[in-house]
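Trainee: File follows, upload04.cif with mmCIF, C-alpha atoms:
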data_protein
#
loop_
_atom_site.label_atom_id
_atom_site.label_comp_id
_atom_site.auth_asym_id
_atom_site.auth_seq_id
_atom_site.Cartn_x
_atom_site.Cartn_y
_atom_site.Cartn_z
CA MET X 1 0.00 0.00 0.00
CA LEU X 2 1.34 3.43 -0.97
CA ASP X 3 2.16 5.83 1.86
CA LEU X 4 1.89 9.39 0.46
CA GLU X 5 2.32 12.96 1.66
CA VAL X 6 -0.44 15.45 0.76
CA VAL X 7 0.72 18.99 -0.07
CA PRO X 8 -2.34 21.22 -0.72
CA GLU X 9 -2.26 23.13 -4.01
CA ARG X 10 0.93 21.33 -4.99
CA SER X 11 1.42 17.56 -4.97
CA LEU X 12 0.91 14.00 -3.77
CA GLY X 13 3.97 11.78 -3.36
CA ASN X 14 6.71 10.34 -1.18
CA GLU X 15 10.49 10.65 -0.84
CA GLN X 16 11.11 8.80 -4.12
CA TRP X 17 8.63 10.57 -6.39
CA GLU X 18 5.71 12.98 -6.48
CA PHE X 19 2.84 13.85 -8.79
CA ALA X 20 2.98 17.67 -8.91
CA LEU X 21 0.27 19.94 -10.28
CA GLY X 22 1.44 21.35 -13.61
CA MET X 23 3.54 18.25 -14.34
CA PRO X 24 3.51 17.19 -18.02
CA PHE X 25 1.67 13.95 -18.81
CA SER X 26 4.86 12.26 -20.03
CA GLN X 27 6.64 12.79 -16.69
CA ALA X 28 3.78 11.16 -14.78
CA ILE X 29 4.05 8.21 -17.18
CA SER X 30 7.80 8.05 -16.52
CA ILE X 31 7.17 7.79 -12.76
CA LEU X 32 4.65 4.99 -13.30
CA GLN X 33 7.03 3.10 -15.60
CA LYS X 34 9.93 3.44 -13.17
CA HIS X 35 7.83 2.13 -10.25
CA CYS X 36 5.78 -0.41 -12.21
CA ARG X 37 6.40 -3.16 -9.63
CA ILE X 38 4.73 -1.07 -6.95
CA ILE X 39 2.11 0.89 -8.92
CA LYS X 40 0.21 -1.61 -11.06
CA ASN X 41 -2.96 -1.78 -13.17
CA VAL X 42 -2.91 1.78 -14.52
CA GLN X 43 -5.56 2.84 -17.03
CA VAL X 44 -5.27 5.69 -19.56
CA LEU X 45 -8.72 7.22 -20.12
CA TYR X 46 -9.53 9.68 -22.93
CA SER X 47 -12.25 10.52 -25.42
CA GLU X 48 -11.45 8.84 -28.73
CA GLN X 49 -13.75 11.01 -30.87
CA THR X 50 -13.53 14.32 -28.96
CA PRO X 51 -10.16 14.31 -27.15
CA LEU X 52 -10.30 18.04 -26.35
CA SER X 53 -13.67 17.92 -24.59
CA HIS X 54 -12.67 15.63 -21.71
CA ASP X 55 -9.69 15.49 -19.36
CA LEU X 56 -6.91 13.02 -20.06
CA ILE X 57 -6.90 10.68 -17.04
CA LEU X 58 -4.44 8.25 -15.51
CA ASN X 59 -6.40 5.91 -13.23
CA LEU X 60 -4.28 4.05 -10.66
CA THR X 61 -6.93 1.40 -10.00
CA GLN X 62 -4.91 -0.53 -7.41
CA ASP X 63 -4.27 2.62 -5.36
CA GLY X 64 -7.59 4.47 -5.73
CA ILE X 65 -5.99 7.55 -7.34
CA LYS X 66 -6.89 9.48 -10.50
CA LEU X 67 -4.59 12.03 -12.16
CA LEU X 68 -6.59 14.46 -14.32
CA PHE X 69 -4.63 16.26 -17.05
CA ASP X 70 -5.91 19.26 -18.98
CA ALA X 71 -6.94 18.09 -22.45
CA THR X 72 -5.34 21.10 -24.16
CA ASN X 73 -1.98 21.70 -22.46
CA GLN X 74 -1.65 18.10 -21.13
CA ARG X 75 -0.43 19.22 -17.69
CA LEU X 76 -1.68 17.83 -14.37
CA LYS X 77 -4.75 19.76 -13.25
CA VAL X 78 -6.34 17.73 -10.41
CA ILE X 79 -5.20 14.85 -8.19
CA GLU X 80 -8.16 12.80 -6.94
CA VAL X 81 -8.05 10.07 -4.30
CA TYR X 82 -11.37 8.25 -4.78
CA ASP X 83 -10.79 5.22 -2.55
CA LEU X 84 -9.04 6.06 0.71
CA SER X 85 -9.02 2.41 1.81
CA LYS X 86 -6.33 1.63 -0.77
CA VAL X 87 -3.73 4.22 0.27
CA LYS X 88 -2.14 5.76 3.39
CA LEU X 89 -2.18 9.57 3.52
CA LYS X 90 -0.33 12.03 5.74
CA TYR X 91 -0.08 15.79 6.10
CA CYS X 92 3.07 17.45 7.49
CA GLY X 93 4.42 13.98 8.24
CA VAL X 94 1.42 12.89 10.38
CA HIS X 95 -1.05 10.30 9.10
CA PHE X 96 -4.72 11.24 8.83
CA ASN X 97 -5.70 8.14 6.83
CA SER X 98 -4.31 4.62 7.30
CA GLN X 99 -5.38 1.14 8.31
CA ALA X 100 -5.30 2.27 11.95
CA ILE X 101 -6.68 5.82 11.46
CA ALA X 102 -10.11 6.37 9.89
CA PRO X 103 -10.52 9.60 7.86
CA THR X 104 -13.48 10.97 9.84
CA ILE X 105 -14.51 14.60 10.05
CA GLU X 106 -12.95 14.76 13.52
CA GLN X 107 -9.64 13.45 12.17
CA ILE X 108 -9.66 15.96 9.28
CA ASP X 109 -10.36 18.82 11.71
CA GLN X 110 -7.52 17.66 13.94
CA SER X 111 -5.03 17.32 11.06
CA PHE X 112 -5.93 20.37 8.95
CA GLY X 113 -7.52 22.81 11.38
CA ALA X 114 -10.53 25.06 11.01
CA THR X 115 -11.98 26.16 7.67
CA HIS X 116 -15.23 27.55 6.27
CA PRO X 117 -18.44 25.55 6.78
CA GLY X 118 -19.00 22.59 4.51
CA VAL X 119 -21.12 22.80 1.35
CA TYR X 120 -23.80 20.16 0.78
CA ASN X 121 -24.44 18.82 -2.73
CA ALA X 122 -27.88 17.21 -2.75
CA ALA X 123 -27.42 15.57 -6.16
CA GLU X 124 -24.27 13.72 -5.06
CA GLN X 125 -25.38 13.35 -1.42
CA LEU X 126 -21.92 14.58 -0.48
CA PHE X 127 -20.75 17.26 1.94
CA HIS X 128 -17.70 19.14 0.59
CA LEU X 129 -15.19 20.62 3.02
CA ASN X 130 -12.86 23.02 1.22
CA PHE X 131 -9.42 24.31 2.07
CA ARG X 132 -7.26 26.27 -0.38
CA GLY X 133 -6.03 23.76 -2.95
CA LEU X 134 -7.59 20.81 -1.11
CA SER X 135 -11.11 19.49 -0.63
CA PHE X 136 -12.70 16.52 1.15
CA SER X 137 -16.04 14.98 0.21
CA PHE X 138 -18.01 13.22 2.97
CA GLN X 139 -20.64 10.54 2.34
CA LEU X 140 -24.01 11.21 4.03
CA ASP X 141 -25.93 8.06 3.06
CA SER X 142 -27.05 7.29 6.61
CA TRP X 143 -28.57 10.72 7.27
CA ASN X 144 -32.17 11.35 6.21
CA GLU X 145 -31.81 15.11 6.20
CA ALA X 146 -28.51 16.87 5.62
CA PRO X 147 -27.57 19.60 8.09
CA LYS X 148 -27.09 23.08 6.68
CA TYR X 149 -23.50 23.75 7.76
CA GLU X 150 -22.09 21.23 10.16
CA ILE X 151 -20.90 17.86 8.92
CA PRO X 152 -22.30 15.14 11.24
CA HIS X 153 -19.92 13.48 13.70
CA GLY X 154 -18.34 10.30 12.41
CA ALA X 155 -18.84 11.17 8.72
CA MET X 156 -16.13 9.50 6.60
CA VAL X 157 -14.18 10.99 3.73
CA LYS X 158 -15.20 9.42 0.43
CA ARG X 159 -12.99 11.47 -1.92
CA MET X 160 -10.13 13.95 -1.72
CA HIS X 161 -8.99 16.44 -4.38
CA ILE X 162 -5.76 18.43 -4.69
CA TYR X 163 -5.90 21.39 -7.10
CA THR X 164 -4.87 25.02 -7.61
CA GLY X 165 -6.91 27.87 -6.13
CA ASN X 166 -10.13 27.92 -4.10
CA ASN X 167 -12.63 26.33 -6.49
CA LEU X 168 -12.34 22.77 -7.78
CA GLN X 169 -14.87 23.38 -10.58
CA GLU X 170 -12.97 26.39 -11.92
CA THR X 171 -9.40 25.19 -11.38
CA LYS X 172 -6.87 25.16 -14.21
CA ALA X 173 -3.57 23.37 -14.64
CA PRO X 174 -0.82 25.67 -13.31
CA ALA X 175 2.40 26.48 -15.12
CA MET X 176 4.97 23.72 -15.12
CA PRO X 177 6.95 23.69 -11.83
CA LEU X 178 10.67 24.41 -11.98
CA ALA X 179 11.42 20.90 -10.72
CA CYS X 180 9.80 19.43 -13.84
CA PHE X 181 12.16 21.10 -16.34
CA MET X 182 15.04 18.71 -15.52
CA GLY X 183 17.43 20.56 -17.81
CA ASN X 184 15.08 20.45 -20.80
CA ILE X 185 13.76 23.28 -22.93
CA TYR X 186 10.04 23.50 -23.77
CA ALA X 187 8.05 25.39 -26.38
CA GLU X 188 5.26 27.69 -25.18
CA CYS X 189 4.19 28.25 -28.80
CA VAL X 190 5.56 27.76 -32.33
CA ASP X 191 4.70 30.18 -35.15
CA VAL X 192 5.17 29.02 -38.72
CA LEU X 193 6.81 31.77 -40.79
CA ARG X 194 5.46 32.01 -44.35
CA ASP X 195 5.54 34.07 -47.49
CA GLY X 196 3.15 33.96 -50.44
CA ALA X 197 4.65 30.73 -51.77
CA GLY X 198 4.69 28.67 -48.60
CA PRO X 199 6.48 28.00 -45.30
CA LEU X 200 9.85 29.62 -44.62
CA GLY X 201 10.65 28.36 -41.12
CA LEU X 202 9.65 28.41 -37.47
CA LYS X 203 9.69 31.03 -34.72
CA LEU X 204 9.70 29.33 -31.30
CA ARG X 205 8.92 30.89 -27.92
CA LEU X 206 10.89 28.71 -25.54
CA LEU X 207 10.82 28.11 -21.79
CA THR X 208 13.75 26.98 -19.70
CA ALA X 209 14.63 26.93 -16.01
CA GLY X 210 17.55 29.33 -15.85
CA SER X 211 19.41 30.12 -12.63
CA GLY X 212 21.94 32.56 -11.29
CA LEU X 213 25.63 31.74 -11.11
CA GLY X 214 25.73 28.65 -8.90
CA VAL X 215 22.59 29.66 -7.00
CA ILE X 216 19.94 27.01 -7.38
CA ALA X 217 17.53 28.87 -5.09
CA ASP X 218 17.44 31.76 -7.57
CA ALA X 219 16.26 29.54 -10.42
CA LYS X 220 13.39 30.96 -12.44
CA ILE X 221 11.68 30.35 -15.75
CA ARG X 222 13.36 32.16 -18.64
CA TYR X 223 11.72 32.94 -21.97
CA LEU X 224 13.66 32.80 -25.22
CA GLU X 225 12.70 33.45 -28.84
CA ARG X 226 14.50 31.57 -31.57
CA SER X 227 13.91 31.30 -35.32
CA ILE X 228 15.06 28.55 -37.66
CA PHE X 229 14.60 28.39 -41.42
CA PHE X 230 14.74 26.01 -44.33
CA GLY X 231 18.32 25.87 -45.53
CA ASP X 232 19.79 26.48 -42.05
CA SER X 233 22.85 24.41 -41.23
CA CYS X 234 23.20 21.95 -38.35
CA GLN X 235 25.28 24.56 -36.56
CA ASP X 236 22.51 27.16 -36.96
CA VAL X 237 19.95 24.80 -35.40
CA LEU X 238 22.25 23.66 -32.60
CA GLY X 239 23.03 27.28 -31.77
CA ALA X 240 19.33 28.17 -31.64
CA LEU X 241 17.81 25.11 -29.93
CA GLY X 242 20.70 23.22 -28.37
CA SER X 243 21.40 19.51 -28.78
CA PRO X 244 18.48 17.31 -29.84
CA HIS X 245 17.23 14.50 -27.62
CA LYS X 246 17.97 12.05 -30.42
CA VAL X 247 19.43 11.94 -33.92
CA PHE X 248 17.57 9.53 -36.18
CA TYR X 249 19.00 8.41 -39.52
CA LYS X 250 16.43 7.42 -42.12
CA SER X 251 17.07 3.84 -43.21
CA GLU X 252 14.58 4.10 -46.06
CA ASP X 253 12.08 6.59 -47.42
CA LYS X 254 8.77 4.77 -47.64
CA MET X 255 7.11 7.79 -49.26
CA LYS X 256 9.58 7.72 -52.17
CA ILE X 257 7.33 5.40 -54.15
CA HIS X 258 4.81 8.24 -54.47
CA SER X 259 7.39 10.49 -56.14
CA PRO X 260 7.04 11.09 -59.93
CA SER X 261 10.81 10.88 -60.35
CA PRO X 262 12.01 7.91 -62.48
CA HIS X 263 15.01 7.61 -60.16
CA LYS X 264 12.92 7.12 -57.06
CA GLN X 265 14.04 3.51 -56.62
CA VAL X 266 17.75 4.29 -56.80
CA PRO X 267 19.15 4.03 -53.26
CA SER X 268 21.18 6.98 -52.01
CA LYS X 269 24.73 6.49 -50.74
CA CYS X 270 24.01 8.28 -47.44
CA ASN X 271 20.88 8.86 -45.43
CA ASP X 272 19.04 12.02 -44.46
CA TYR X 273 18.75 12.45 -40.71
CA PHE X 274 16.36 13.97 -38.17
CA PHE X 275 17.02 16.03 -35.07
CA ASN X 276 14.28 14.90 -32.66
CA TYR X 277 13.31 17.55 -30.09
CA PHE X 278 10.78 15.60 -28.03
CA THR X 279 10.00 18.35 -25.47
CA LEU X 280 9.40 20.85 -28.29
CA GLY X 281 7.19 18.46 -30.29
CA VAL X 282 9.36 19.14 -33.35
CA ASP X 283 11.47 17.06 -35.74
CA ILE X 284 13.93 18.70 -38.15
CA LEU X 285 15.15 16.81 -41.23
CA PHE X 286 18.57 17.55 -42.68
CA ASP X 287 19.79 16.71 -46.16
CA SER X 288 22.50 14.05 -46.00
CA THR X 289 24.68 15.81 -48.59
CA THR X 290 24.37 19.50 -47.77
CA HIS X 291 23.48 19.13 -44.05
CA LEU X 292 20.86 21.87 -44.44
CA VAL X 293 17.28 21.86 -43.12
CA LYS X 294 14.81 20.50 -45.67
CA LYS X 295 11.75 19.60 -43.57
CA PHE X 296 10.01 20.38 -40.26
CA VAL X 297 7.55 18.02 -38.56
CA LEU X 298 5.19 19.40 -35.89
CA HIS X 299 3.51 16.86 -33.57
CA THR X 300 0.15 17.39 -31.84
CA ASN X 301 0.43 14.41 -29.44
CA TYR X 302 -3.25 13.43 -29.44
CA PRO X 303 -4.18 10.30 -27.47
CA GLY X 304 -5.14 7.49 -29.80
CA HIS X 305 -2.19 8.10 -32.14
CA TYR X 306 0.64 5.59 -32.50
CA ASN X 307 3.27 8.14 -31.39
CA PHE X 308 1.29 9.41 -28.38
CA ASN X 309 3.50 10.37 -25.41
CA ILE X 310 6.75 10.31 -27.43
CA TYR X 311 6.53 14.05 -28.10
CA HIS X 312 5.13 16.93 -26.10
CA ARG X 313 2.31 18.72 -27.86
CA CYS X 314 3.58 21.40 -30.26
CA ASP X 315 1.21 24.36 -29.90
CA PHE X 316 1.67 25.74 -33.41
CA LYS X 317 0.04 28.49 -35.45
CA ILE X 318 0.15 28.52 -39.26
CA PRO X 319 -0.97 31.84 -40.84
CA LEU X 320 -2.80 31.60 -44.16
CA VAL X 321 -3.95 34.19 -46.68
CA ILE X 322 -7.07 32.96 -48.44
CA LYS X 323 -8.34 34.54 -51.66
CA LYS X 324 -12.09 35.11 -51.59
CA GLU X 325 -14.16 33.71 -54.42
CA GLY X 326 -15.24 36.18 -57.07
CA ALA X 327 -12.86 38.87 -55.89
CA ASP X 328 -9.57 39.58 -57.61
CA SER X 329 -7.85 41.46 -54.79
CA LEU X 330 -9.80 40.59 -51.65
CA THR X 331 -8.05 38.24 -49.28
CA GLU X 332 -8.81 36.89 -45.83
CA GLU X 333 -6.26 36.06 -43.14
CA CYS X 334 -6.80 33.03 -40.94
CA ILE X 335 -4.71 30.80 -38.70
CA LEU X 336 -4.47 27.02 -38.48
CA THR X 337 -3.61 25.65 -35.06
CA THR X 338 -2.86 22.39 -33.27
CA TYR X 339 -6.58 22.16 -32.52
CA SER X 340 -7.93 22.75 -36.05
CA LYS X 341 -9.81 19.81 -37.55
CA TRP X 342 -9.24 18.48 -41.04
CA ASP X 343 -12.68 19.46 -42.38
CA GLN X 344 -12.04 23.06 -41.24
CA ILE X 345 -8.64 23.06 -42.96
CA GLN X 346 -10.12 21.77 -46.22
CA GLU X 347 -12.72 24.54 -46.22
CA LEU X 348 -9.90 27.08 -46.01
CA LEU X 349 -7.27 25.53 -48.28
CA GLY X 350 -9.48 23.60 -50.68
CA TYR X 351 -9.83 19.88 -51.16
CA PRO X 352 -6.76 17.86 -52.24
CA MET X 353 -6.81 16.71 -55.85
CA GLU X 354 -5.27 13.32 -55.07
CA LYS X 355 -6.37 10.57 -52.74
CA PRO X 356 -4.55 10.43 -49.40
CA VAL X 357 -1.57 8.24 -48.67
CA VAL X 358 -2.55 5.69 -46.02
CA LEU X 359 0.05 5.49 -43.24
CA HIS X 360 0.10 2.39 -41.04
CA ARG X 361 2.77 2.59 -38.35
CA SER X 362 4.17 -0.43 -36.54
CA SER X 363 7.39 -1.30 -34.79
CA SER X 364 9.91 -3.86 -35.99
CA ALA X 365 9.31 -5.95 -32.86
CA ASN X 366 5.52 -5.81 -33.00
CA ASN X 367 3.56 -5.45 -36.22
CA THR X 368 0.26 -4.62 -34.51
CA ASN X 369 -1.07 -1.07 -34.28
CA PRO X 370 -4.22 -0.87 -32.10
CA PHE X 371 -4.94 2.72 -33.16
CA GLY X 372 -5.44 2.08 -36.89
CA SER X 373 -4.12 3.94 -39.92
CA THR X 374 -3.80 7.67 -40.50
CA PHE X 375 -4.19 9.55 -43.79
CA CYS X 376 -1.70 12.00 -45.31
CA PHE X 377 -2.90 14.90 -47.49
CA GLY X 378 -0.62 17.38 -49.26
CA LEU X 379 -1.59 21.06 -49.64
CA GLN X 380 0.58 24.17 -50.20
CA ARG X 381 3.94 22.58 -49.31
CA MET X 382 2.41 21.06 -46.19
CA ILE X 383 1.47 17.44 -45.46
CA PHE X 384 -1.31 16.94 -42.91
CA GLU X 385 -1.45 13.58 -41.16
CA VAL X 386 -5.11 13.11 -40.24
CA MET X 387 -6.43 10.73 -37.59
CA GLN X 388 -9.70 8.86 -37.95
CA ASN X 389 -11.40 11.28 -35.53
CA ASN X 390 -10.66 14.19 -37.93
CA HIS X 391 -7.91 15.70 -35.73
CA ILE X 392 -4.41 16.45 -37.05
CA ALA X 393 -1.68 14.10 -35.80
CA SER X 394 1.22 16.00 -37.38
CA VAL X 395 2.04 18.65 -39.97
CA THR X 396 5.10 18.31 -42.19
CA LEU X 397 6.42 21.54 -43.72
CA TYR X 398 8.51 21.59 -46.89
CA GLY X 399 10.50 24.50 -48.23
CA ALA X 400 12.83 25.36 -51.04
CA PRO X 401 16.35 25.21 -49.47
CA ARG X 402 18.52 28.27 -49.95
CA THR X 403 21.47 28.13 -52.26
CA THR X 404 24.91 28.51 -50.71
CA GLY X 405 25.24 32.20 -51.55
CA GLN X 406 21.71 33.17 -50.50
CA ALA X 407 21.38 35.21 -47.32
CA ARG X 408 19.70 33.72 -44.25
CA PRO X 409 16.38 35.41 -43.38
CA GLU X 410 16.52 37.73 -40.39
CA SER X 411 15.88 35.85 -37.16
CA SER X 412 15.01 37.26 -33.79
CA ALA X 413 16.51 36.09 -30.50
CA SER X 414 15.61 37.58 -27.16
CA SER X 415 15.40 36.55 -23.56
CA HIS X 416 14.20 38.04 -20.32
#
Any chance you could put this one into structure tokens?
Mentor:
Amino acid sequence: MLDLEVVPERSLGNEQWEFALGMPFSQAISILQKHCRIIKNVQVLYSEQTPLSHDLILNLTQDGIKLLFDATNQRLKVIEVYDLSKVKLKYCGVHFNSQAIAPTIEQIDQSFGATHPGVYNAAEQLFHLNFRGLSFSFQLDSWNEAPKYEIPHGAMVKRMHIYTGNNLQETKAPAMPLACFMGNIYAECVDVLRDGAGPLGLKLRLLTAGSGLGVIADAKIRYLERSIFFGDSCQDVLGALGSPHKVFYKSEDKMKIHSPSPHKQVPSKCNDYFFNYFTLGVDILFDSTTHLVKKFVLHTNYPGHYNFNIYHRCDFKIPLVIKKEGADSLTEECILTTYSKWDQIQELLGYPMEKPVVLHRSSSANNTNPFGSTFCFGLQRMIFEVMQNNHIASVTLYGAPRTTGQARPESSASSH
């Protein structure tokens, strides 16, 4: 049985690990994988058809704990303990729930002190006792008529919630805690830079946990802006974004068969390679000969996709200028985002002339893919990988690489 410390408005954990509000989904998964012999039977719950309308949930069925992640930013929003008989809980090092200590209203008062009167919810038949960042729900099944303010003596806690602020219903996932950065850099947003012909590159607003000279206590979140373009060298990218988490060399190009070139079947002597930036949700493809950027891949990290939880969600914006029908000079500006659906994109960009390429991912060790195929459509030097629920799994951007003598577009870099 887990023995966990409750920190209101912050976390639930022990000396080895903690689930902290604002923690990215992938870090919670890493904790569960590392302690899989202790924490077993974990469920991942999400809406397959409407993944943005419901929280992304990790249900620790053996321990009676649910971790609720915001569907949009995929950070931990609420920690719920729904079965207190399966876990030991303590506050400031002193147990208020264990096999020997029942979580009664008297015990909660003794452990946490006075607070405002409880709030009765007739529909749930629960009495809610709220502290800042922490609430307890008491079962009142045995009482015929609920009292107005005072929770009856002996009432037992049925559920406990840890969250940010004073209102559980209105709480939002906080910013990622400094402890969760772990030396990584994250993208707050990614703007696709374009001209009239198509994509030019990316402008990234980055977050990192910077600190003063040797003073860990002075650590704070720093914001950086970096731009990278098609035709940039490896050195340009490394200088802007730092080292990638992984370098992946393409062993074969499975999309080559769809090329009109008669030489498509001729194998190349060396392979193009990707810089994988998992915490940015971005892949960058370099040409094997020139070592210049030739492709960007932006990942949306929707649950139900084969690559889910490999990348953090890339919160991108792609500006478009749409010509209005029947008007020679009138145009309309609009923006595609991580949350745009494929039918909305087609209404703006037009319908592809060709049928989609069907993409069926599987690993070399296991040929099964429980999530099914995705469909790739090409429009305006962009390839949209579309899931079966109409959401975008990834966007691949192509550009015309610069020649050697061509100047690099002006990039901005700032920090504060």
Trainee: Which is closer to Pro177 (chain X) than all the others in X:Cys36, X:Met23, X:Leu58, X:Val78, using all atoms listed in the file?
Mentor: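 Among X:Cys36, X:Met23, X:Leu58, X:Val78, it is X:Met23 that comes nearest to Pro177 (chain X).
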Trainee: Using only C-alpha atoms, which of the listed residues (X:Ala175, X:Val42, X:Ala197, X:Val6) sits closest to Ser111 (chain X)?
Mentor: X:Val6
Trainee: Could you tell me which residues the PyMOL selection byres ((chain X and resi 189) around 9) returns for this structure, as a list in words?
Mentor: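 Checking the PyMOL selection byres ((chain X and resi 189) around 9) against this file, the residues are Ala187, Glu188, Val190, Asp191, Lys203, Leu204, Arg205, Leu206, Cys314, Asp315, Phe316 and Lys317 of chain X.
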Trainee: Of the candidates X:Gln110, X:Arg222, X:Leu140, X:Thr208, which shows the shortest atom-to-atom distance to Ala123 (chain X), using all atoms listed in the file?
Mentor: X:Leu140
Trainee: Can you measure CA of Lys77 (chain X) to CA of Asn167 (chain X) for me? One decimal in Å is fine.
Mentor: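 Going from CA of Lys77 (chain X) over to CA of Asn167 (chain X) covers 12.3 Å.
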Trainee: Please provide as a PDB file with C-alpha atoms, in the coordinates of the input all residues within 7 Å of Asp3 (chain X), with the sequence filter that same-chain residues fewer than 4 positions apart are discarded (counting only C-alpha atoms).
Mentor:
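Below is the file that was written, selection.pdb:
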ATOM      1  CA  VAL X  87      -3.730   4.220   0.270  1.00  0.00           C
ATOM      2  CA  LYS X  88      -2.140   5.760   3.390  1.00  0.00           C
ATOM      3  CA  LEU X  89      -2.180   9.570   3.520  1.00  0.00           C
TER       4      LEU X  89
END
Trainee: Could you check which of X:Val282, X:Leu336, X:Val358, X:Leu32 is closest to Phe296 (chain X), using all atoms listed in the file?
Mentor: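 Comparing X:Val282, X:Leu336, X:Val358, X:Leu32 against Phe296 (chain X), the winner is X:Val282.
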Trainee: Between X:Pro199, X:Pro117, X:Gly64, X:Gly154, single out the one closest to Lys294 (chain X), counting all atoms listed in the file.
Mentor: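 Closest to Lys294 (chain X), using all atoms listed in the file: X:Pro199.
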